[in-house]
file start.cif (mmCIF, C-alpha atoms)
data_structure
loop_
_atom_site.label_atom_id
_atom_site.label_comp_id
_atom_site.auth_asym_id
_atom_site.auth_seq_id
_atom_site.Cartn_x
_atom_site.Cartn_y
_atom_site.Cartn_z
CA MET M 19 -19.82 84.71 134.50
CA VAL M 20 -23.13 84.67 136.38
CA LEU M 21 -23.94 86.99 139.27
CA ARG M 22 -24.99 85.79 142.71
CA ALA M 23 -28.04 86.71 144.70
CA TRP M 24 -27.22 89.76 146.82
CA ALA M 25 -24.59 88.80 149.46
CA GLU M 26 -25.56 85.12 149.27
CA ASP M 27 -23.19 83.08 151.45
CA ILE M 28 -21.63 80.52 149.11
CA THR M 29 -19.83 77.64 150.78
CA ALA M 30 -17.82 74.92 149.05
CA PRO M 31 -17.91 71.12 149.37
CA ILE M 32 -15.72 69.91 152.23
CA GLU M 33 -13.62 67.66 150.00
CA ARG M 34 -12.68 70.55 147.69
CA VAL M 35 -11.66 72.77 150.62
CA THR M 36 -9.69 69.95 152.22
CA ALA M 37 -7.85 69.23 148.96
CA ALA M 38 -6.90 72.90 148.49
CA LEU M 39 -5.67 73.23 152.08
CA SER M 40 -3.61 70.05 151.68
CA ARG M 41 -1.90 71.42 148.56
CA LEU M 42 -0.91 74.58 150.44
CA ARG M 43 0.37 72.65 153.45
CA ASP M 44 2.41 70.29 151.27
CA ASP M 45 4.67 73.21 150.28
CA PRO M 46 4.19 76.20 152.60
CA THR M 47 7.06 78.07 150.90
CA ALA M 48 5.26 78.05 147.54
CA LEU M 49 2.41 80.39 148.50
CA GLY M 50 1.31 83.27 146.29
CA PRO M 51 -1.19 83.53 143.44
CA ASP M 52 0.24 80.56 141.55
CA ALA M 53 0.17 78.15 144.49
CA LEU M 54 -3.36 77.11 143.47
CA ASP M 55 -5.43 77.38 140.34
CA ASP M 56 -8.62 79.41 140.32
CA GLU M 57 -10.71 76.43 141.39
CA GLY M 58 -8.50 75.88 144.43
CA TRP M 59 -8.73 79.50 145.59
CA VAL M 60 -12.50 79.52 144.98
CA ALA M 61 -12.81 76.41 147.12
CA LEU M 62 -10.96 78.11 149.98
CA LEU M 63 -13.30 81.10 149.74
CA GLY M 64 -16.07 78.63 150.57
CA ALA M 65 -14.35 77.22 153.66
CA SER M 66 -16.50 76.85 156.78
CA GLY M 67 -16.37 75.26 160.21
CA THR M 68 -13.06 73.67 161.22
CA ARG M 69 -11.63 74.14 157.74
CA LEU M 70 -12.25 77.89 157.94
CA GLU M 71 -10.33 77.93 161.23
CA GLU M 72 -7.49 75.99 159.58
CA LEU M 73 -7.44 78.44 156.65
CA CYS M 74 -7.32 81.47 158.94
CA GLU M 75 -4.62 79.89 161.09
CA LEU M 76 -2.48 79.29 157.99
CA ALA M 77 -3.04 82.88 156.84
CA ASP M 78 -2.00 84.23 160.23
CA THR M 79 1.14 82.09 160.23
CA VAL M 80 2.03 83.66 156.89
CA ARG M 81 1.19 87.15 158.22
CA ALA M 82 3.66 86.67 161.05
CA ARG M 83 6.30 85.60 158.55
CA VAL M 84 6.01 88.54 156.15
CA THR M 85 5.23 91.42 158.56
CA ASP M 86 6.21 92.33 162.11
CA PRO M 87 4.76 89.33 163.97
CA ASP M 88 4.15 91.28 167.16
CA ALA M 89 2.52 94.43 165.77
CA VAL M 90 -0.81 95.81 164.65
CA THR M 91 0.17 98.81 162.54
CA PHE M 92 -1.80 102.04 162.10
CA VAL M 93 -1.41 105.47 160.51
CA VAL M 94 -2.55 108.76 162.04
CA ASN M 95 -4.60 110.52 159.39
CA ARG M 96 -7.38 112.96 158.64
CA ASN M 97 -10.01 112.59 155.89
CA LEU M 98 -11.08 115.50 153.70
CA ASP M 99 -13.72 115.74 150.99
CA THR M 100 -12.38 117.35 147.80
CA GLY M 101 -15.45 119.52 147.37
CA VAL M 102 -15.23 120.88 150.92
CA ALA M 103 -11.49 121.48 150.57
CA ALA M 104 -12.06 123.39 147.32
CA ARG M 105 -14.61 125.65 148.99
CA LEU M 106 -12.17 126.42 151.79
CA ILE M 107 -9.59 127.88 149.37
CA SER M 108 -12.16 129.98 147.52
CA ASP M 109 -14.16 133.13 148.14
CA GLU M 110 -17.15 130.83 148.71
CA ARG M 111 -15.90 129.94 152.18
CA ARG M 112 -18.81 130.38 154.56
CA PRO M 113 -18.69 132.69 157.59
CA GLY M 114 -16.93 130.98 160.47
CA GLU M 115 -15.39 128.23 158.35
CA PRO M 116 -11.63 127.70 158.73
CA ALA M 117 -9.26 128.06 155.82
CA LEU M 118 -7.94 124.79 154.41
CA ALA M 119 -4.47 125.52 155.77
CA GLU M 120 -5.96 125.81 159.27
CA LEU M 121 -7.57 122.38 159.00
CA VAL M 122 -4.30 120.87 157.84
CA GLY M 123 -2.39 122.58 160.63
CA GLU M 124 -4.83 121.30 163.22
CA ALA M 125 -4.51 117.75 161.90
CA VAL M 126 -0.72 117.93 162.23
CA GLU M 127 -1.01 119.35 165.75
CA LEU M 128 -3.18 116.35 166.65
CA GLY M 129 -0.50 114.00 165.32
CA ALA M 130 -1.56 113.32 161.72
CA THR M 131 1.16 112.31 159.28
CA GLU M 132 -1.32 111.83 156.43
CA ILE M 133 -4.21 113.68 154.84
CA CYS M 134 -6.52 111.48 152.76
CA MET M 135 -8.64 113.46 150.30
CA GLN M 136 -11.22 111.90 147.98
CA GLY M 137 -14.20 112.97 145.91
CA PRO M 138 -14.66 114.77 142.60
CA LEU M 139 -13.91 118.44 142.19
CA PRO M 140 -17.26 120.26 141.80
CA ALA M 141 -18.09 121.12 138.21
CA ASP M 142 -18.22 124.86 138.98
CA ARG M 143 -14.63 124.92 140.28
CA PRO M 144 -11.73 125.55 137.89
CA ALA M 145 -10.08 122.29 136.82
CA THR M 146 -6.72 123.63 137.97
CA ASP M 147 -7.99 123.32 141.56
CA TYR M 148 -7.14 119.61 141.43
CA VAL M 149 -3.45 120.59 141.40
CA ARG M 150 -3.91 123.72 143.51
CA LEU M 151 -5.45 121.72 146.36
CA VAL M 152 -2.43 119.42 146.44
CA ALA M 153 -0.08 122.41 146.67
CA GLU M 154 -2.20 124.16 149.31
CA ILE M 155 -2.28 121.10 151.56
CA THR M 156 1.35 120.06 151.24
CA ASP M 157 2.59 123.65 151.59
CA ALA M 158 0.61 124.04 154.82
CA ALA M 159 2.63 121.44 156.76
CA ALA M 160 6.15 120.27 156.05
CA GLY M 161 6.54 116.50 155.92
CA LEU M 162 2.82 115.74 155.68
CA HIS M 163 1.90 112.98 153.24
CA LEU M 164 -1.04 113.65 150.93
CA HIS M 165 -2.94 110.54 149.80
CA ALA M 166 -5.51 111.83 147.34
CA TYR M 167 -7.78 111.31 144.33
CA ARG M 168 -9.30 108.08 143.16
CA ALA M 169 -8.79 106.87 139.60
CA ALA M 170 -12.03 108.46 138.34
CA GLU M 171 -11.04 111.82 139.85
CA ILE M 172 -7.62 111.67 138.23
CA ALA M 173 -9.24 110.87 134.87
CA ASP M 174 -11.68 113.76 135.41
CA GLY M 175 -8.82 116.15 136.16
CA ALA M 176 -6.98 115.13 133.01
CA VAL M 177 -10.07 115.59 130.83
CA ARG M 178 -10.99 118.95 132.35
CA THR M 179 -7.48 120.35 132.01
CA GLY M 180 -7.07 118.93 128.51
CA VAL M 181 -3.91 116.92 129.14
CA PRO M 182 -3.10 113.21 129.06
CA ILE M 183 -3.51 111.30 132.31
CA VAL M 184 0.25 110.83 132.67
CA GLU M 185 0.88 114.58 132.36
CA HIS M 186 -1.86 115.35 134.89
CA LEU M 187 -0.31 112.85 137.31
CA ARG M 188 3.10 114.44 136.84
CA ARG M 189 1.63 117.85 137.72
CA LEU M 190 -0.03 116.42 140.82
CA ARG M 191 3.20 114.78 141.93
CA ALA M 192 5.19 117.96 141.31
CA ALA M 193 2.69 119.86 143.48
CA GLY M 194 3.32 117.44 146.35
CA LEU M 195 0.99 114.45 145.93
CA GLY M 196 2.51 111.38 147.59
CA SER M 197 0.13 108.53 146.75
CA ILE M 198 -3.36 107.75 145.52
CA PRO M 199 -6.13 105.64 147.06
CA GLY M 200 -7.03 102.52 145.12
CA THR M 201 -10.66 102.87 146.09
CA ALA M 202 -13.51 102.67 143.55
CA ALA M 203 -11.96 99.49 142.16
CA GLN M 204 -15.14 97.72 143.32
CA ILE M 205 -14.79 94.44 141.41
CA LEU M 206 -12.66 94.69 138.26
CA ASP M 207 -15.19 93.00 136.05
CA ASP M 208 -17.34 95.06 133.71
CA SER M 209 -20.45 92.92 134.16
CA VAL M 210 -20.39 93.49 137.91
CA ARG M 211 -19.48 97.16 137.55
CA GLY M 212 -22.31 97.68 135.09
CA PHE M 213 -24.80 96.11 137.50
CA LEU M 214 -23.64 98.29 140.39
CA SER M 215 -23.49 101.50 138.35
CA PRO M 216 -25.46 101.05 135.11
CA THR M 217 -25.17 104.71 134.08
CA GLY M 218 -21.86 105.82 135.49
CA SER M 219 -19.38 103.02 136.03
CA ALA M 220 -15.98 103.45 134.40
CA PRO M 221 -14.71 100.26 132.79
CA ALA M 222 -12.23 98.18 134.75
CA ARG M 223 -9.62 98.95 132.11
CA GLU M 224 -9.71 102.67 133.00
CA TRP M 225 -9.08 102.02 136.70
CA ILE M 226 -6.14 99.75 135.86
CA GLU M 227 -4.65 102.26 133.39
CA VAL M 228 -4.81 105.14 135.87
CA ILE M 229 -3.29 103.10 138.70
CA GLU M 230 -0.44 101.85 136.50
CA ALA M 231 0.14 105.36 135.13
CA ALA M 232 0.39 106.69 138.69
CA HIS M 233 2.97 104.04 139.53
CA GLY M 234 4.82 104.96 136.35
CA VAL M 235 5.32 108.59 137.43
CA GLY M 236 6.59 107.61 140.87
CA LEU M 237 3.42 107.58 142.96
CA PHE M 238 2.30 104.52 144.88
CA SER M 239 -1.25 103.46 145.67
CA THR M 240 -3.36 101.18 147.79
CA ALA M 241 -5.41 98.33 146.31
CA THR M 242 -8.99 97.52 147.26
CA ILE M 243 -11.84 95.11 146.72
CA VAL M 244 -15.49 95.78 147.58
CA TYR M 245 -17.21 92.46 148.20
CA GLY M 246 -20.49 91.10 149.50
CA HIS M 247 -22.92 92.09 146.76
CA VAL M 248 -23.52 90.36 143.39
CA GLU M 249 -19.97 89.20 142.68
CA THR M 250 -19.19 85.49 142.95
CA PRO M 251 -16.13 83.80 144.50
CA GLU M 252 -14.84 83.45 140.93
CA HIS M 253 -15.07 87.23 140.51
CA GLN M 254 -13.20 87.72 143.78
CA VAL M 255 -10.34 85.46 142.71
CA ALA M 256 -10.14 87.13 139.28
CA HIS M 257 -10.09 90.57 140.94
CA LEU M 258 -7.26 89.58 143.27
CA ARG M 259 -5.31 88.12 140.34
CA THR M 260 -5.74 91.41 138.45
CA LEU M 261 -4.40 93.41 141.40
CA LEU M 262 -1.46 91.05 141.83
CA GLY M 263 -0.77 91.27 138.10
CA ILE M 264 -0.51 95.06 138.47
CA GLN M 265 1.89 94.56 141.34
CA ARG M 266 4.07 92.24 139.30
CA ARG M 267 4.29 94.85 136.55
CA THR M 268 4.78 97.98 138.67
CA GLY M 269 5.50 97.17 142.33
CA GLY M 270 3.45 100.24 143.25
CA LEU M 271 0.77 98.77 145.55
CA SER M 272 1.44 99.38 149.24
CA GLU M 273 -1.43 97.46 150.84
CA LEU M 274 -4.60 95.54 150.16
CA ILE M 275 -7.84 96.73 151.77
CA LEU M 276 -10.91 94.47 151.69
CA MET M 277 -14.21 96.30 152.23
CA PRO M 278 -17.67 94.77 152.48
CA MET M 279 -20.51 96.51 150.70
CA VAL M 280 -22.54 98.21 153.43
CA ALA M 281 -25.72 100.27 153.38
CA SER M 282 -23.83 103.59 153.31
CA ASN M 283 -22.10 102.77 150.02
CA THR M 284 -24.80 100.75 148.28
CA PRO M 285 -25.86 102.42 145.01
CA PRO M 286 -29.32 104.04 145.37
CA HIS M 287 -30.94 101.89 142.67
CA LEU M 288 -30.00 98.77 144.66
CA THR M 289 -31.03 99.73 148.19
CA ALA M 290 -34.23 97.69 148.00
CA ALA M 291 -32.30 94.57 147.03
CA ALA M 292 -29.37 95.16 149.39
CA THR M 293 -30.97 93.78 152.53
CA SER M 294 -27.84 92.04 153.79
CA THR M 295 -24.05 92.20 153.65
CA ALA M 296 -21.29 89.63 153.50
CA SER M 297 -21.34 87.01 156.23
CA GLN M 298 -18.60 86.90 158.82
CA ARG M 299 -17.61 83.54 157.36
CA GLU M 300 -17.10 85.04 153.89
CA THR M 301 -15.23 88.02 155.30
CA ARG M 302 -12.80 85.81 157.20
CA ALA M 303 -12.26 83.46 154.25
CA LEU M 304 -11.66 86.32 151.80
CA HIS M 305 -9.11 88.03 154.07
CA ALA M 306 -7.29 84.74 154.58
CA VAL M 307 -7.23 83.94 150.86
CA ALA M 308 -6.07 87.48 150.05
CA ARG M 309 -3.17 87.04 152.47
CA LEU M 310 -2.16 83.69 150.98
CA MET M 311 -2.52 84.81 147.36
CA SER M 312 -0.51 88.01 147.87
CA VAL M 313 2.56 86.41 149.45
CA GLY M 314 5.69 87.81 147.84
CA LEU M 315 3.79 90.65 146.18
CA ILE M 316 1.81 92.71 148.72
CA ASP M 317 2.90 92.43 152.33
CA HIS M 318 0.13 94.34 154.07
CA VAL M 319 -3.54 93.37 154.45
CA GLN M 320 -5.65 96.06 156.10
CA VAL M 321 -8.85 95.68 158.12
CA ALA M 322 -11.56 98.17 157.10
CA TRP M 323 -12.55 98.73 160.73
CA THR M 324 -15.23 101.36 160.00
CA LYS M 325 -17.23 98.83 157.96
CA LEU M 326 -17.01 95.80 160.26
CA ASP M 327 -18.25 94.93 163.73
CA PRO M 328 -15.63 94.70 166.50
CA ASP M 329 -15.82 90.90 166.80
CA THR M 330 -15.04 90.50 163.10
CA VAL M 331 -12.15 92.98 163.33
CA ASP M 332 -10.66 90.86 166.11
CA LEU M 333 -11.00 87.67 164.09
CA LEU M 334 -9.40 89.21 161.00
CA LEU M 335 -6.38 90.38 162.96
CA ARG M 336 -5.96 86.76 164.05
CA GLY M 337 -6.62 85.47 160.55
CA GLY M 338 -4.05 87.11 158.29
CA ALA M 339 -4.50 90.89 158.56
CA ASP M 340 -1.69 93.01 159.99
CA ASP M 341 -2.92 96.61 159.72
CA ILE M 342 -5.87 98.52 161.18
CA GLY M 343 -5.66 101.50 158.80
CA GLY M 344 -6.13 105.10 159.90
CA LEU M 345 -7.29 106.71 163.12
CA LEU M 346 -9.45 109.14 161.06
CA LEU M 347 -9.06 112.24 163.23
CA ASP M 348 -11.97 114.67 163.02
CA GLY M 349 -10.48 117.65 164.84
CA ARG M 350 -12.49 120.49 166.34
CA LEU M 351 -12.36 123.22 163.69
CA MET M 352 -14.57 121.43 161.15
CA PRO M 353 -15.14 117.78 162.05
CA ASP M 354 -17.56 117.19 159.17
CA ALA M 355 -15.03 118.19 156.46
CA GLY M 356 -14.50 114.56 155.52
CA PRO M 357 -16.43 111.31 155.18
CA GLU M 358 -16.94 108.90 158.09
CA VAL M 359 -17.17 111.75 160.58
CA GLY M 360 -17.39 110.51 164.15
CA ARG M 361 -15.58 107.24 163.41
CA VAL M 362 -12.34 108.19 165.18
CA LEU M 363 -10.23 105.32 166.52
CA ASP M 364 -8.84 106.53 169.85
CA ALA M 365 -5.66 105.29 171.53
CA ASP M 366 -7.38 103.23 174.23
CA THR M 367 -9.57 101.40 171.70
CA LEU M 368 -6.54 100.80 169.49
CA VAL M 369 -4.60 99.29 172.38
CA ALA M 370 -7.54 97.05 173.30
CA ILE M 371 -7.83 95.79 169.71
CA ALA M 372 -4.12 94.99 169.56
CA GLU M 373 -4.23 93.35 172.98
CA ARG M 374 -7.04 91.01 171.94
CA ALA M 375 -4.95 90.03 168.92
CA GLY M 376 -1.97 89.30 171.17
CA ARG M 377 0.04 92.10 169.59
CA THR M 378 1.19 95.68 170.15
CA PRO M 379 0.02 98.78 168.26
CA ARG M 380 2.82 100.31 166.16
CA GLN M 381 2.49 103.62 164.32
CA ARG M 382 3.58 103.74 160.68
CA THR M 383 3.71 106.20 157.83
CA THR M 384 1.58 105.86 154.72
CA ARG M 385 4.47 103.95 153.13
CA TYR M 386 4.82 101.63 156.17
CA ALA M 387 8.01 103.22 157.44
CA GLU M 388 8.54 104.35 161.03
CA PRO M 389 7.54 107.99 161.59
CA GLU M 390 10.04 110.53 162.84
CA ALA M 391 10.32 110.43 166.62
CA HIS M 392 8.60 113.77 167.14
CA ARG M 393 5.57 112.55 165.17
CA LEU M 394 4.95 109.43 167.25
CA LEU M 395 1.72 109.45 169.25
CA PRO M 396 1.89 108.48 172.91
CA ILE M 397 0.21 105.08 172.99
CA PRO M 398 -0.52 103.29 176.29
CA GLN M 399 1.35 100.06 176.79
CA VAL M 400 -0.43 96.77 176.12
CA ARG M 401 -0.88 94.88 179.36
CA SER M 402 1.27 91.78 179.65
#
call {"tool": "encode", "arguments": {"input": "start.cif", "output": "structure tokens"}}
result
Amino acid sequence: MVLRAWAEDITAPIERVTAALSRLRDDPTALGPDALDDEGWVALLGASGTRLEELCELADTVRARVTDPDAVTFVVNRNLDTGVAARLISDERRPGEPALAELVGEAVELGATEICMQGPLPADRPATDYVRLVAEITDAAAGLHLHAYRAAEIADGAVRTGVPIVEHLRRLRAAGLGSIPGTAAQILDDSVRGFLSPTGSAPAREWIEVIEAAHGVGLFSTATIVYGHVETPEHQVAHLRTLLGIQRRTGGLSELILMPMVASNTPPHLTAAATSTASQRETRALHAVARLMSVGLIDHVQVAWTKLDPDTVDLLLRGGADDIGGLLLDGRLMPDAGPEVGRVLDADTLVAIAERAGRTPRQRTTRYAEPEAHRLLPIPQVRS
């Protein structure tokens, strides 16, 4: 499969888009990955103009059918970097730095129900710290959900501790791990992965094996796609089919998060070529297609609000997406302990986003359940 020029906006002939939309409208109850063949889904990814609006309207109708039609959901969480967290439980903690348990306690005091921790454990730390960090965080606050370690970090932990991946996952779960992020999936095609990371990209097979192994030991995970670089619409459809195949086998995917490639996560060897990102048209079409393909398999489509401009966020919440993700609390003790520092979503902004979508913000847990009453944040009412 050929690669595209970086973030080239690829539209489809009107007649192909119209034909695909007609097939979906003919039987609106038969949505899901098998409702169209690959050519049909690829055509919809190229929708533009009035046909793009029709596609997004259909996706939002489906969103209202499979999720709470009146809500924009969110989780209250705090990000941590694994390397920083490891330093905070060691004798290398710098003067004035809080202990890890203090950071966790502060996050809970601010309303967090989830800690999200990602990043490799530094090579000079004992491999057992992968499990120790899970225990330290979950022991610091009763009822807190820990969402931690990407597939590559889980594989690294297994190799460094000398145990199979399944055994390492069992140890993490026994220590308190609740779920794992499905990030670093990029595009599950080895030609694309090799182009993005020619010296360090794990094969797609490894990501799939780790995710399915996690589901097998009782953990759940998110699912992601990183788009808007050299992958083609055909790659995007194949990636979504792979994710939905995992879901059919395991049922362990809680949500689908679609993230454009942006300057901050472009590999260094590609920065000169990466002069643009996915168009708003492509972003809207991909979110809509993801919603329609995932019917009956993954209920929740999340907007990656930190990587998109506000106007696009608004359009996506009216075009098939139901969730805004995490508030990403920084706290005061050590605000730079996690990635995306300074990108906190405050209550007033959250309410305004939901209001523009014609919906109401509703807090959820990581697993999309309703939090305990004492953990609910006070959220201003949306104006009628």
call {"tool": "atom_distance", "arguments": {"input": "start.cif", "atom1": "CA of Glu171 in chain M", "atom2": "CA of Val122 in chain M"}}
result
21.2 Å
call {"tool": "closest_residue", "arguments": {"input": "start.cif", "among": "M:Leu42, M:Leu346, M:Asp317, M:Arg191", "to": "Gly360 in chain M", "atoms": "all atoms listed in the file"}}
result
M:Leu346
call {"tool": "closest_residue", "arguments": {"input": "start.cif", "among": "M:Leu63, M:Ile229, M:Leu368, M:Ala220", "to": "Gly269 in chain M", "atoms": "only C-alpha atoms"}}
result
M:Ile229
call {"tool": "atom_distance", "arguments": {"input": "start.cif", "atom1": "CA of Leu73 in chain M", "atom2": "CA of Ser312 in chain M"}}
result
14.7 Å
call {"tool": "atom_distance", "arguments": {"input": "start.cif", "atom1": "CA of Thr179 in chain M", "atom2": "CA of Arg105 in chain M"}}
result
19.2 Å
call {"tool": "closest_atom_pairs", "arguments": {"input": "start.cif", "of": "range 173-238 of chain M", "to": "range 159-163 of chain M", "cutoff": "12 Å", "atoms": "all atoms listed in the file", "output": "JSON lines"}}
result
{"residue": "M:Arg191", "atom": "CA", "partner": "M:His163", "partner_atom": "CA", "distance": 11.5}
{"residue": "M:Ala193", "atom": "CA", "partner": "M:His163", "partner_atom": "CA", "distance": 12.0}
{"residue": "M:Gly194", "atom": "CA", "partner": "M:His163", "partner_atom": "CA", "distance": 8.3}
{"residue": "M:Leu195", "atom": "CA", "partner": "M:His163", "partner_atom": "CA", "distance": 7.5}
{"residue": "M:Gly196", "atom": "CA", "partner": "M:His163", "partner_atom": "CA", "distance": 5.9}
{"residue": "M:Ser197", "atom": "CA", "partner": "M:His163", "partner_atom": "CA", "distance": 8.1}
{"residue": "M:Ile198", "atom": "CA", "partner": "M:His163", "partner_atom": "CA", "distance": 10.7}
{"residue": "M:Leu237", "atom": "CA", "partner": "M:His163", "partner_atom": "CA", "distance": 11.7}
{"residue": "M:Phe238", "atom": "CA", "partner": "M:His163", "partner_atom": "CA", "distance": 11.9}
call {"tool": "resolve_selection", "arguments": {"input": "start.cif", "expression": "the PyMOL selection byres ((chain M and resi 139-154) around 10)", "output": "MDAnalysis selection string"}}
result
chainID M and resid 99:108 118:119 122 135:138 155:159 164:167 171:172 174:180 186:187 189:196
call {"tool": "write_last_selection", "arguments": {"input": "start.cif", "atoms": "C-alpha atoms", "output": "PDB file, in the frame of the given file"}}
result
ATOM      1  CA  ASP M  99     -13.720 115.740 150.990  1.00  0.00           C
ATOM      2  CA  THR M 100     -12.380 117.350 147.800  1.00  0.00           C
ATOM      3  CA  GLY M 101     -15.450 119.520 147.370  1.00  0.00           C
ATOM      4  CA  VAL M 102     -15.230 120.880 150.920  1.00  0.00           C
ATOM      5  CA  ALA M 103     -11.490 121.480 150.570  1.00  0.00           C
ATOM      6  CA  ALA M 104     -12.060 123.390 147.320  1.00  0.00           C
ATOM      7  CA  ARG M 105     -14.610 125.650 148.990  1.00  0.00           C
ATOM      8  CA  LEU M 106     -12.170 126.420 151.790  1.00  0.00           C
ATOM      9  CA  ILE M 107      -9.590 127.880 149.370  1.00  0.00           C
ATOM     10  CA  SER M 108     -12.160 129.980 147.520  1.00  0.00           C
ATOM     11  CA  LEU M 118      -7.940 124.790 154.410  1.00  0.00           C
ATOM     12  CA  ALA M 119      -4.470 125.520 155.770  1.00  0.00           C
ATOM     13  CA  VAL M 122      -4.300 120.870 157.840  1.00  0.00           C
ATOM     14  CA  MET M 135      -8.640 113.460 150.300  1.00  0.00           C
ATOM     15  CA  GLN M 136     -11.220 111.900 147.980  1.00  0.00           C
ATOM     16  CA  GLY M 137     -14.200 112.970 145.910  1.00  0.00           C
ATOM     17  CA  PRO M 138     -14.660 114.770 142.600  1.00  0.00           C
ATOM     18  CA  ILE M 155      -2.280 121.100 151.560  1.00  0.00           C
ATOM     19  CA  THR M 156       1.350 120.060 151.240  1.00  0.00           C
ATOM     20  CA  ASP M 157       2.590 123.650 151.590  1.00  0.00           C
ATOM     21  CA  ALA M 158       0.610 124.040 154.820  1.00  0.00           C
ATOM     22  CA  ALA M 159       2.630 121.440 156.760  1.00  0.00           C
ATOM     23  CA  LEU M 164      -1.040 113.650 150.930  1.00  0.00           C
ATOM     24  CA  HIS M 165      -2.940 110.540 149.800  1.00  0.00           C
ATOM     25  CA  ALA M 166      -5.510 111.830 147.340  1.00  0.00           C
ATOM     26  CA  TYR M 167      -7.780 111.310 144.330  1.00  0.00           C
ATOM     27  CA  GLU M 171     -11.040 111.820 139.850  1.00  0.00           C
ATOM     28  CA  ILE M 172      -7.620 111.670 138.230  1.00  0.00           C
ATOM     29  CA  ASP M 174     -11.680 113.760 135.410  1.00  0.00           C
ATOM     30  CA  GLY M 175      -8.820 116.150 136.160  1.00  0.00           C
ATOM     31  CA  ALA M 176      -6.980 115.130 133.010  1.00  0.00           C
ATOM     32  CA  VAL M 177     -10.070 115.590 130.830  1.00  0.00           C
ATOM     33  CA  ARG M 178     -10.990 118.950 132.350  1.00  0.00           C
ATOM     34  CA  THR M 179      -7.480 120.350 132.010  1.00  0.00           C
ATOM     35  CA  GLY M 180      -7.070 118.930 128.510  1.00  0.00           C
ATOM     36  CA  HIS M 186      -1.860 115.350 134.890  1.00  0.00           C
ATOM     37  CA  LEU M 187      -0.310 112.850 137.310  1.00  0.00           C
ATOM     38  CA  ARG M 189       1.630 117.850 137.720  1.00  0.00           C
ATOM     39  CA  LEU M 190      -0.030 116.420 140.820  1.00  0.00           C
ATOM     40  CA  ARG M 191       3.200 114.780 141.930  1.00  0.00           C
ATOM     41  CA  ALA M 192       5.190 117.960 141.310  1.00  0.00           C
ATOM     42  CA  ALA M 193       2.690 119.860 143.480  1.00  0.00           C
ATOM     43  CA  GLY M 194       3.320 117.440 146.350  1.00  0.00           C
ATOM     44  CA  LEU M 195       0.990 114.450 145.930  1.00  0.00           C
ATOM     45  CA  GLY M 196       2.510 111.380 147.590  1.00  0.00           C
TER      46      GLY M 196
END
call {"tool": "closest_residue", "arguments": {"input": "start.cif", "among": "M:Ala372, M:Val307, M:Val94, M:Ala170", "to": "Cys74 in chain M", "atoms": "all atoms listed in the file"}}
result
M:Val307
call {"tool": "residues_around", "arguments": {"input": "start.cif", "residues": "Leu39 in chain M", "least_positions_apart": "4", "cutoff": "10 Å", "atoms": "all atoms listed in the file", "output": "list in words"}}
result
Glu33, Arg34, Val35, Arg43, Asp44, Leu54, Gly58, Trp59, Ala61, Leu62, Ala65, Arg69, Leu70, Glu72, Leu73 and Leu76 of chain M
call {"tool": "write_last_selection", "arguments": {"input": "start.cif", "atoms": "C-alpha atoms", "output": "PDB file, in the coordinates of the input"}}
result
ATOM      1  CA  GLU M  33     -13.620  67.660 150.000  1.00  0.00           C
ATOM      2  CA  ARG M  34     -12.680  70.550 147.690  1.00  0.00           C
ATOM      3  CA  VAL M  35     -11.660  72.770 150.620  1.00  0.00           C
ATOM      4  CA  ARG M  43       0.370  72.650 153.450  1.00  0.00           C
ATOM      5  CA  ASP M  44       2.410  70.290 151.270  1.00  0.00           C
ATOM      6  CA  LEU M  54      -3.360  77.110 143.470  1.00  0.00           C
ATOM      7  CA  GLY M  58      -8.500  75.880 144.430  1.00  0.00           C
ATOM      8  CA  TRP M  59      -8.730  79.500 145.590  1.00  0.00           C
ATOM      9  CA  ALA M  61     -12.810  76.410 147.120  1.00  0.00           C
ATOM     10  CA  LEU M  62     -10.960  78.110 149.980  1.00  0.00           C
ATOM     11  CA  ALA M  65     -14.350  77.220 153.660  1.00  0.00           C
ATOM     12  CA  ARG M  69     -11.630  74.140 157.740  1.00  0.00           C
ATOM     13  CA  LEU M  70     -12.250  77.890 157.940  1.00  0.00           C
ATOM     14  CA  GLU M  72      -7.490  75.990 159.580  1.00  0.00           C
ATOM     15  CA  LEU M  73      -7.440  78.440 156.650  1.00  0.00           C
ATOM     16  CA  LEU M  76      -2.480  79.290 157.990  1.00  0.00           C
TER      17      LEU M  76
END
call {"tool": "resolve_selection", "arguments": {"input": "start.cif", "expression": "the PyMOL selection byres ((chain M and resi 379) around 7)", "output": "PDB file with C-alpha atoms, in the coordinates of the input"}}
result
ATOM      1  CA  ALA M  89       2.520  94.430 165.770  1.00  0.00           C
ATOM      2  CA  VAL M  90      -0.810  95.810 164.650  1.00  0.00           C
ATOM      3  CA  THR M  91       0.170  98.810 162.540  1.00  0.00           C
ATOM      4  CA  LEU M 368      -6.540 100.800 169.490  1.00  0.00           C
ATOM      5  CA  VAL M 369      -4.600  99.290 172.380  1.00  0.00           C
ATOM      6  CA  ALA M 372      -4.120  94.990 169.560  1.00  0.00           C
ATOM      7  CA  ARG M 377       0.040  92.100 169.590  1.00  0.00           C
ATOM      8  CA  THR M 378       1.190  95.680 170.150  1.00  0.00           C
ATOM      9  CA  ARG M 380       2.820 100.310 166.160  1.00  0.00           C
ATOM     10  CA  GLN M 381       2.490 103.620 164.320  1.00  0.00           C
TER      11      GLN M 381
END
call {"tool": "resolve_selection", "arguments": {"input": "start.cif", "expression": "the PyMOL selection byres ((chain M and resi 347-352) around 10)", "output": "ChimeraX atom specification"}}
result
/M:94-98,114-117,120-122,124-125,127-130,133,344-346,353-364
call {"tool": "residues_around", "arguments": {"input": "start.cif", "residues": "Ile205 in chain M", "least_positions_apart": "5", "cutoff": "8 Å", "atoms": "all atoms listed in the file", "output": "list in words"}}
result
Val210, Arg211, Ile243, Val244, Tyr245, Glu249, His253, Gln254 and His257 of chain M
